[in-house]
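First comes the structure, then the notes that go with it.
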Amino acid sequence: MVMLSGVFSLLSAGLFVTMDAVDVAFTEAAVGAGLTTVLYLGALALTGSMEKAITRPPYIAVLVMTAMAAVLLYGTMDMPPFGDADAPIHRHVTPEYITGTQTQIGIPNVVSAVLASYRGFDTLGETGVIFTAGIGVLLLLRRRLSLHTPSKGGDAQ
Amino acid sequence: MKHHIILRIGAKLLIPPIMLFALYVQFHGDYGPGGGFQAGVIFASAFILYGLVFGLAELRRVAPLAVVTKLMAIGWLIYIGVGYGGLILGGKFLDYNVLSDDRIAGQHLGILLVELGVGITVASTMLVIYQCFAAHQSRELSDDEW
Amino acid sequence: MVSDIHFILGHYNYWAAILLMAAGFYIVVARGNLIKKIVGLNLFQVSVFMLYISMGKVTGGTAPILTGRPEIYSNPLPHVLILTAIVVGVATTAIGLALIVRIKEAYGTIEEDEILAIDRALEQQDVHVQ
C-alpha cells in the first residue's frame with residue numbers, strides 16, 4: 001500500500017507536468033514519492049504492518065461519500081471549461097504578476113518570484129509551519145532518543 | 001544493510017551527485033523550476049540515503065541532532081532577518097527594494113537569501129524527522145507507567 | 001449533442017478530481033486503521049491539488065518561466081498556492097505518523113474501534129472508582 005502511494009505520487013507529478021506546473025511537479029515528486037514513502041515505512045516499522053479485517057460493511061460512509069460527491073459535482077456545473085483563457089482566474093492579479101516579474105524583479109521563474117517576493121509573507125508562515133512540524137515530531141518521539149544520546153533535562157510531560 | 005556491497009557502492013556513487021543537484025536546484029530556482037523547498041528535500045534525501053544504507057549511528061556522526069535542530073531554527077531566522085533588514089534600511093518588512101542601490105539587484109539579493117533560508121530549514125527539518133523516526137525504540141510499558 | 005460533448009470535454013478534469021476526492025474521503029471515513037486514514041488524507045490532498053492546477057492551465061500555454069519572447073503562460077498563481085499546500089501536507093503527515101507511533105505505544109493498537117473500546121473501559125473504571 002505504501003509503495004502504491006509512492007507510485008501514485010509519481011504519476012500525479014507526471015500529470016502536473018502535462019498541465020504546465022513544473023515547479024509543483026518537482027515538489028510533488030520529491031516530497032510525495034521520496035519523503036512520504038520513507039516516513040510511512042518508518043511508521044509501519046514502529047507499529048506493525050497488519051490491518052484488521054472489516055467486520056461490517058460501511059453503509060453510512062458510502063452514503064456520506066456519495067452525498068459529498070454529488071454536491072461537489074453540482075458545484076462544478078458552472079465552472080469555466082478546462083483551459084479557457086478567458087476564465088476569471090486569469091484576469092485578477094496574474095497579468096500584473098507576469099509583467100511585474102519582467103520589469104520589477106527581473107528573474108525568469110515567475111513562480112519563484114511570486115513565492116519569494118510578491119507573496120513572501122505567506123512563504124514566511126509556511127517555513128514556520130515546517131519548523132513547527134519538526135519541533136512537534138521532536139517532542140513526540142524524543143523520549144526513546146535517550147537510549148542513544150544523553151537526554152537533556154529528563155522527560156518533559 | 002552493511003554487507004550489501006551493491007547498495008553500499010551504489011549509495012557512495014549517488015550521494016555526491018544528489019547533493020550537487022540539490023545545490024543546483026537551490027541556486028537556479030530563479031531561472032528554471034526549483035527553489036528552496038525542492039532543494040531542501042533533495043539535500044535531505046541524500047543524507048537519508050546515507051542513513052538507510054550505512055546505519056543510524058553513521059548518520060548521527062555526520063549530522064548530529066544537536067547541530068541539525070539549530071540549523072532548523074537558523075534557516076527561519078535568516079528569512080526573518082531579511083525581513084527586518086528591509087525594516088532597518090528604511091523600507092517595509094520584507095521589502096527587497098531597499099536592500100541594494102539598484103532595485104532589481106535588491107530583489108535578486110532578497111530572493112536569494114530568502115530561498116537559502118527556506119532550503120536550510122526544510123533540509124534540516126526532514127533530517128530531524130527521519131532521525132526521530134529511525135531512533136525510536138519500542139519497549140513494553142510497565143504497570144506503574146499506566 | 002455537440003454542446004454536450006463540449007461540456008464533458010470542458011469539465012472532465014473537475015470530475016476526475018472529485019472522483020479522487022471521494023475515494024480519499026471514503027478511505028478516511030470507512031477504514032479503521034489509523035495509518036490507512038493518513039494515506040486516504042494524502043490522496044484527498046493530491047486530488048485537491050489536481051483541481052487547482054487544472055484550473056490554472058491555459059490551452060496553448062506553456063510553463064510560467066519567462067523566455068523573453070511574448071508567449072501565453074499558464075497561470076502561476078495556483079502553482080504558488082499548491083507549492084505551499086504540498087509542503088504543509090508533508091508536515092501534517094509527519095506529525096500524524098508520529099502521533100500514531102505514540103498511540104500505538106500507549107494503547108497497544110492502531111485500530112480505531114479497539115482504541116475507543118479501551119477508552120470506554122477506562123472511563124467505566126474511573127466511574128467505579130469514584
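By order of appearance in the C-alpha cells: chains A, B, ..., then residues from 1 within every chain, and ligands from 1 in the order shown.
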Check: which chain C residues lie within 8 Å of chain B using only C-alpha atoms, as JSON, numbers by chain: {"C": [65, 87, 94, 98, 105]}
7 Å contacts from chain A to chain C using only C-alpha atoms, as a ChimeraX atom specification: /A:19-22,24,28,36,39,43,46-47,51,58,61-62,65,69,73,76,81-85,90,94,108-111,115,126,129-130,133,136-137,140-141
Selected residues written out, N, CA and C atoms, as an mmCIF file, in the first residue's frame:
data_model
loop_
_atom_site.group_PDB
_atom_site.id
_atom_site.type_symbol
_atom_site.label_atom_id
_atom_site.label_comp_id
_atom_site.auth_asym_id
_atom_site.auth_seq_id
_atom_site.Cartn_x
_atom_site.Cartn_y
_atom_site.Cartn_z
ATOM 1 N N MET A 19 0.205 19.515 -17.204
ATOM 2 C CA MET A 19 -0.613 20.711 -17.021
ATOM 3 C C MET A 19 0.255 21.942 -16.804
ATOM 4 N N ASP A 20 1.515 21.900 -17.241
ATOM 5 C CA ASP A 20 2.431 23.036 -17.242
ATOM 6 C C ASP A 20 2.837 23.496 -15.855
ATOM 7 N N ALA A 21 2.698 22.647 -14.839
ATOM 8 C CA ALA A 21 3.064 23.077 -13.489
ATOM 9 C C ALA A 21 4.372 22.396 -13.109
ATOM 10 N N VAL A 22 5.500 22.918 -13.610
ATOM 11 C CA VAL A 22 6.761 22.196 -13.451
ATOM 12 C C VAL A 22 7.287 22.281 -12.032
ATOM 13 N N VAL A 24 5.517 22.602 -9.316
ATOM 14 C CA VAL A 24 4.667 21.762 -8.469
ATOM 15 C C VAL A 24 5.006 20.292 -8.676
ATOM 16 N N GLU A 28 6.181 17.773 -5.816
ATOM 17 C CA GLU A 28 5.362 16.601 -5.531
ATOM 18 C C GLU A 28 6.180 15.327 -5.697
ATOM 19 N N THR A 36 7.614 11.061 1.797
ATOM 20 C CA THR A 36 6.454 10.477 2.466
ATOM 21 C C THR A 36 6.554 8.967 2.514
ATOM 22 N N LEU A 39 8.722 8.080 5.398
ATOM 23 C CA LEU A 39 8.027 8.271 6.676
ATOM 24 C C LEU A 39 7.022 7.155 6.942
ATOM 25 N N ALA A 43 7.029 4.601 10.044
ATOM 26 C CA ALA A 43 5.900 4.433 10.956
ATOM 27 C C ALA A 43 5.412 2.985 10.967
ATOM 28 N N LEU A 46 7.473 0.817 13.086
ATOM 29 C CA LEU A 46 7.312 1.015 14.515
ATOM 30 C C LEU A 46 5.952 0.558 15.016
ATOM 31 N N THR A 47 4.998 0.306 14.134
ATOM 32 C CA THR A 47 3.672 -0.037 14.635
ATOM 33 C C THR A 47 3.168 -1.379 14.167
ATOM 34 N N GLU A 51 -3.350 -5.077 8.989
ATOM 35 C CA GLU A 51 -4.572 -4.331 9.239
ATOM 36 C C GLU A 51 -5.666 -5.301 9.617
ATOM 37 N N PRO A 58 -19.462 -0.721 5.479
ATOM 38 C CA PRO A 58 -19.618 0.678 5.903
ATOM 39 C C PRO A 58 -20.679 1.414 5.093
ATOM 40 N N ALA A 61 -20.677 5.348 5.547
ATOM 41 C CA ALA A 61 -19.551 6.005 4.885
ATOM 42 C C ALA A 61 -19.824 6.167 3.397
ATOM 43 N N VAL A 62 -20.387 5.112 2.766
ATOM 44 C CA VAL A 62 -20.682 5.213 1.329
ATOM 45 C C VAL A 62 -21.730 6.281 1.095
ATOM 46 N N MET A 65 -20.145 9.693 1.457
ATOM 47 C CA MET A 65 -19.250 9.970 0.333
ATOM 48 C C MET A 65 -20.044 10.327 -0.914
ATOM 49 N N ALA A 69 -19.889 13.849 -2.933
ATOM 50 C CA ALA A 69 -19.512 13.888 -4.350
ATOM 51 C C ALA A 69 -20.613 14.517 -5.189
ATOM 52 N N LEU A 73 -20.162 17.759 -7.464
ATOM 53 C CA LEU A 73 -20.393 17.687 -8.904
ATOM 54 C C LEU A 73 -21.398 18.743 -9.338
ATOM 55 N N THR A 76 -19.664 21.970 -9.840
ATOM 56 C CA THR A 76 -18.784 22.187 -10.981
ATOM 57 C C THR A 76 -19.536 22.482 -12.268
ATOM 58 N N PRO A 81 -14.739 26.212 -18.606
ATOM 59 C CA PRO A 81 -14.194 24.989 -19.207
ATOM 60 C C PRO A 81 -12.690 24.882 -19.021
ATOM 61 N N PHE A 82 -12.211 23.685 -19.170
ATOM 62 C CA PHE A 82 -10.821 23.346 -18.943
ATOM 63 C C PHE A 82 -9.946 24.077 -19.960
ATOM 64 N N GLY A 83 -8.981 24.867 -19.485
ATOM 65 C CA GLY A 83 -8.051 25.522 -20.392
ATOM 66 C C GLY A 83 -8.573 26.804 -20.999
ATOM 67 N N ASP A 84 -9.690 27.304 -20.506
ATOM 68 C CA ASP A 84 -10.244 28.524 -21.078
ATOM 69 C C ASP A 84 -9.368 29.712 -20.705
ATOM 70 N N ALA A 85 -8.983 30.507 -21.716
ATOM 71 C CA ALA A 85 -8.100 31.632 -21.430
ATOM 72 C C ALA A 85 -8.864 32.838 -20.915
ATOM 73 N N HIS A 90 -7.832 34.048 -14.547
ATOM 74 C CA HIS A 90 -6.653 34.576 -15.232
ATOM 75 C C HIS A 90 -6.676 36.079 -15.342
ATOM 76 N N THR A 94 -2.985 37.983 -11.992
ATOM 77 C CA THR A 94 -1.939 37.264 -12.714
ATOM 78 C C THR A 94 -1.248 38.105 -13.789
ATOM 79 N N PRO A 108 13.561 34.972 -14.456
ATOM 80 C CA PRO A 108 12.651 34.298 -15.382
ATOM 81 C C PRO A 108 11.567 33.462 -14.711
ATOM 82 N N ASN A 109 11.851 32.848 -13.566
ATOM 83 C CA ASN A 109 10.866 31.931 -12.992
ATOM 84 C C ASN A 109 9.811 32.730 -12.244
ATOM 85 N N VAL A 110 8.611 32.802 -12.847
ATOM 86 C CA VAL A 110 7.557 33.637 -12.253
ATOM 87 C C VAL A 110 7.107 33.057 -10.917
ATOM 88 N N VAL A 111 7.078 31.718 -10.835
ATOM 89 C CA VAL A 111 6.590 31.086 -9.607
ATOM 90 C C VAL A 111 7.508 31.427 -8.438
ATOM 91 N N LEU A 115 6.452 33.568 -5.226
ATOM 92 C CA LEU A 115 6.579 32.884 -3.937
ATOM 93 C C LEU A 115 7.452 33.670 -2.985
ATOM 94 N N GLU A 126 4.792 29.646 5.910
ATOM 95 C CA GLU A 126 4.923 28.245 5.527
ATOM 96 C C GLU A 126 6.192 27.648 6.105
ATOM 97 N N VAL A 129 5.543 26.756 9.485
ATOM 98 C CA VAL A 129 4.795 25.506 9.619
ATOM 99 C C VAL A 129 5.741 24.309 9.574
ATOM 100 N N ILE A 130 6.715 24.342 8.656
ATOM 101 C CA ILE A 130 7.673 23.240 8.576
ATOM 102 C C ILE A 130 8.483 23.151 9.856
ATOM 103 N N ALA A 133 6.439 21.617 12.516
ATOM 104 C CA ALA A 133 6.319 20.166 12.344
ATOM 105 C C ALA A 133 7.564 19.463 12.862
ATOM 106 N N GLY A 136 7.403 19.515 16.569
ATOM 107 C CA GLY A 136 6.374 18.598 17.048
ATOM 108 C C GLY A 136 6.837 17.157 17.037
ATOM 109 N N VAL A 137 7.479 16.747 15.945
ATOM 110 C CA VAL A 137 7.960 15.372 15.869
ATOM 111 C C VAL A 137 9.048 15.149 16.902
ATOM 112 N N LEU A 140 7.317 14.645 20.207
ATOM 113 C CA LEU A 140 6.547 13.419 20.334
ATOM 114 C C LEU A 140 7.441 12.193 20.432
ATOM 115 N N LEU A 141 8.517 12.166 19.643
ATOM 116 C CA LEU A 141 9.307 10.940 19.539
ATOM 117 C C LEU A 141 10.639 11.078 20.238
#
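Relative to CA of Tyr24 (chain B), CA of Gly40 (chain B) is found at 11.2 Å.
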Show me a table, sorted first by chain and then by increasing residue number, of the residues of region 23-126 of chain B having an atom at most 8 Å from region 5-16 of chain B, each with its shortest atom pair and the distance in Å to one decimal, counting only C-alpha atoms and written as JSON lines.
{"residue": "B:Ala46", "atom": "CA", "partner": "B:Ile15", "partner_atom": "CA", "distance": 5.4}
{"residue": "B:Phe47", "atom": "CA", "partner": "B:Ile15", "partner_atom": "CA", "distance": 7.7}
{"residue": "B:Leu49", "atom": "CA", "partner": "B:Ala11", "partner_atom": "CA", "distance": 7.1}
{"residue": "B:Tyr50", "atom": "CA", "partner": "B:Ala11", "partner_atom": "CA", "distance": 6.9}
{"residue": "B:Val53", "atom": "CA", "partner": "B:Arg8", "partner_atom": "CA", "distance": 6.4}
{"residue": "B:Phe54", "atom": "CA", "partner": "B:Arg8", "partner_atom": "CA", "distance": 7.5}
Please save C-alpha atoms of the selected residues as a JSON list (two decimals), in the first residue's frame.
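Written out: again.json:
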[["chain", "number", "residue", "atom", "x", "y", "z"],
["B", 46, "ALA", "CA", 20.93, 12.38, 0.17],
["B", 47, "PHE", "CA", 21.53, 12.23, 3.92],
["B", 49, "LEU", "CA", 20.03, 7.52, 1.79],
["B", 50, "TYR", "CA", 23.31, 7.55, 3.70],
["B", 53, "VAL", "CA", 22.47, 2.18, 3.82],
["B", 54, "PHE", "CA", 25.16, 2.74, 6.43]]
DSSP alpha helix (DSSP H) selection over region 12-114 of chain B, as number ranges by chain: B: 12-27, 36-54, 56-62, 65-88, 103-114
Test item: residues at most 12 Å from Ile120 (chain B), only C-alpha atoms, excluding those fewer than 4 positions along its chain, as a PyMOL selection string: (chain A and resi 127+130-131) or (chain B and resi 22-23+26+35-44+68-79+113-116+124-127)
Serialized selection, N, CA and C atoms, as a compact mmCIF listing (two decimals), in the first residue's frame:
# COMPACT_ATOMS: atom_id res chain seq x y z
N THR A 127 7.28 28.42 6.07
CA THR A 127 8.52 27.94 6.69
C THR A 127 8.32 27.75 8.18
N ILE A 130 6.71 24.34 8.66
CA ILE A 130 7.67 23.24 8.58
C ILE A 130 8.48 23.15 9.86
N PHE A 131 8.90 24.32 10.37
CA PHE A 131 9.66 24.35 11.60
C PHE A 131 8.85 23.76 12.75
N ALA B 22 21.06 19.09 -5.61
CA ALA B 22 20.27 19.90 -4.68
C ALA B 22 20.78 21.34 -4.66
N LEU B 23 22.10 21.50 -4.65
CA LEU B 23 22.64 22.86 -4.67
C LEU B 23 22.30 23.57 -5.98
N GLN B 26 18.74 24.66 -5.85
CA GLN B 26 18.55 25.78 -4.93
C GLN B 26 18.92 27.10 -5.60
N GLY B 35 13.93 25.93 -6.46
CA GLY B 35 13.75 26.85 -5.36
C GLY B 35 14.07 26.17 -4.06
N GLY B 36 13.72 26.83 -2.98
CA GLY B 36 14.13 26.39 -1.66
C GLY B 36 13.58 25.05 -1.24
N PHE B 37 12.27 24.82 -1.44
CA PHE B 37 11.67 23.60 -0.91
C PHE B 37 12.22 22.38 -1.59
N GLN B 38 12.22 22.39 -2.93
CA GLN B 38 12.69 21.21 -3.64
C GLN B 38 14.14 20.91 -3.29
N ALA B 39 14.97 21.97 -3.24
CA ALA B 39 16.38 21.75 -2.95
C ALA B 39 16.56 21.19 -1.54
N GLY B 40 15.78 21.70 -0.59
CA GLY B 40 15.91 21.20 0.77
C GLY B 40 15.55 19.73 0.86
N VAL B 41 14.46 19.33 0.20
CA VAL B 41 14.04 17.93 0.27
C VAL B 41 15.08 17.03 -0.41
N ILE B 42 15.63 17.47 -1.54
CA ILE B 42 16.60 16.62 -2.24
C ILE B 42 17.88 16.50 -1.42
N PHE B 43 18.29 17.58 -0.79
CA PHE B 43 19.50 17.54 0.03
C PHE B 43 19.30 16.60 1.21
N ALA B 44 18.13 16.69 1.85
CA ALA B 44 17.86 15.79 2.97
C ALA B 44 17.80 14.35 2.51
N VAL B 68 21.63 19.79 13.83
CA VAL B 68 20.57 19.89 12.82
C VAL B 68 19.39 20.66 13.37
N THR B 69 19.10 20.49 14.67
CA THR B 69 17.97 21.25 15.22
C THR B 69 18.29 22.73 15.24
N LYS B 70 19.56 23.08 15.51
CA LYS B 70 19.89 24.50 15.48
C LYS B 70 19.79 25.05 14.06
N LEU B 71 20.19 24.22 13.06
CA LEU B 71 20.09 24.67 11.67
C LEU B 71 18.64 24.94 11.28
N MET B 72 17.73 24.11 11.83
CA MET B 72 16.31 24.29 11.56
C MET B 72 15.87 25.69 11.92
N ALA B 73 16.32 26.16 13.09
CA ALA B 73 15.93 27.50 13.53
C ALA B 73 16.67 28.57 12.77
N ILE B 74 17.95 28.30 12.44
CA ILE B 74 18.76 29.34 11.78
C ILE B 74 18.18 29.67 10.40
N GLY B 75 17.68 28.66 9.70
CA GLY B 75 17.10 28.92 8.38
C GLY B 75 15.93 29.89 8.46
N TRP B 76 15.04 29.65 9.42
CA TRP B 76 13.90 30.55 9.55
C TRP B 76 14.35 31.92 10.02
N LEU B 77 15.38 31.97 10.86
CA LEU B 77 15.87 33.26 11.33
C LEU B 77 16.48 34.06 10.19
N ILE B 78 17.10 33.36 9.22
CA ILE B 78 17.62 34.10 8.05
C ILE B 78 16.47 34.81 7.33
N TYR B 79 15.38 34.07 7.15
CA TYR B 79 14.22 34.66 6.47
C TYR B 79 13.73 35.89 7.22
N LEU B 113 18.57 35.21 -0.66
CA LEU B 113 18.72 34.94 0.77
C LEU B 113 17.51 34.22 1.34
N VAL B 114 16.34 34.63 0.87
CA VAL B 114 15.12 34.03 1.40
C VAL B 114 15.02 32.56 1.01
N GLU B 115 15.33 32.24 -0.24
CA GLU B 115 15.29 30.84 -0.67
C GLU B 115 16.35 30.04 0.06
N LEU B 116 17.50 30.65 0.35
CA LEU B 116 18.52 29.94 1.11
C LEU B 116 18.02 29.57 2.50
N SER B 124 16.98 20.59 7.11
CA SER B 124 17.21 20.15 8.48
C SER B 124 15.97 19.56 9.10
N THR B 125 14.79 20.11 8.77
CA THR B 125 13.58 19.53 9.36
C THR B 125 13.35 18.11 8.87
N MET B 126 13.57 17.86 7.58
CA MET B 126 13.39 16.50 7.08
C MET B 126 14.37 15.54 7.75
N LEU B 127 15.61 16.02 7.95
CA LEU B 127 16.58 15.17 8.63
C LEU B 127 16.18 14.88 10.06
Atomic separation - CA of Met1 (chain A) relative to CA of Thr55 (chain A), Å: 20.5 Å
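Each of B:Leu94, B:Leu89, B:Val82, B:Ala66 was checked against chain A using only C-alpha atoms; the smallest atom-to-atom distance is that of B:Leu94.
For Met3 (chain A), the list of residues within 12 Å, based on only C-alpha atoms and with local chain neighbours fewer than 2 positions off taken out, reads A:Met1, A:Ser5, A:Gly6, A:Val7, A:Phe8, A:Ser9, A:Leu10, A:Gly32, A:Ala33, A:Gly34, A:Thr36, A:Thr37, A:Val38, A:Leu39, A:Tyr40, A:Leu41, C:Val39.
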Atoms kept (C-alpha atoms) for selection, written as a compact mmCIF listing (two decimals), in the first residue's frame:
# COMPACT_ATOMS: atom_id res chain seq x y z
CA MET A 1 0.00 0.00 0.00
CA SER A 5 1.04 5.54 -2.71
CA GLY A 6 4.58 6.34 -3.84
CA VAL A 7 3.76 5.29 -7.38
CA PHE A 8 0.59 7.37 -7.21
CA SER A 9 2.58 10.43 -6.17
CA LEU A 10 4.99 9.94 -9.04
CA GLY A 32 5.44 12.58 -2.24
CA ALA A 33 7.39 9.83 -3.89
CA GLY A 34 10.51 10.30 -1.79
CA THR A 36 6.45 10.48 2.47
CA THR A 37 7.27 6.90 1.48
CA VAL A 38 10.22 6.88 3.90
CA LEU A 39 8.03 8.27 6.68
CA TYR A 40 5.32 5.66 6.06
CA LEU A 41 7.90 2.87 6.12
CA VAL C 39 -2.92 7.58 3.30
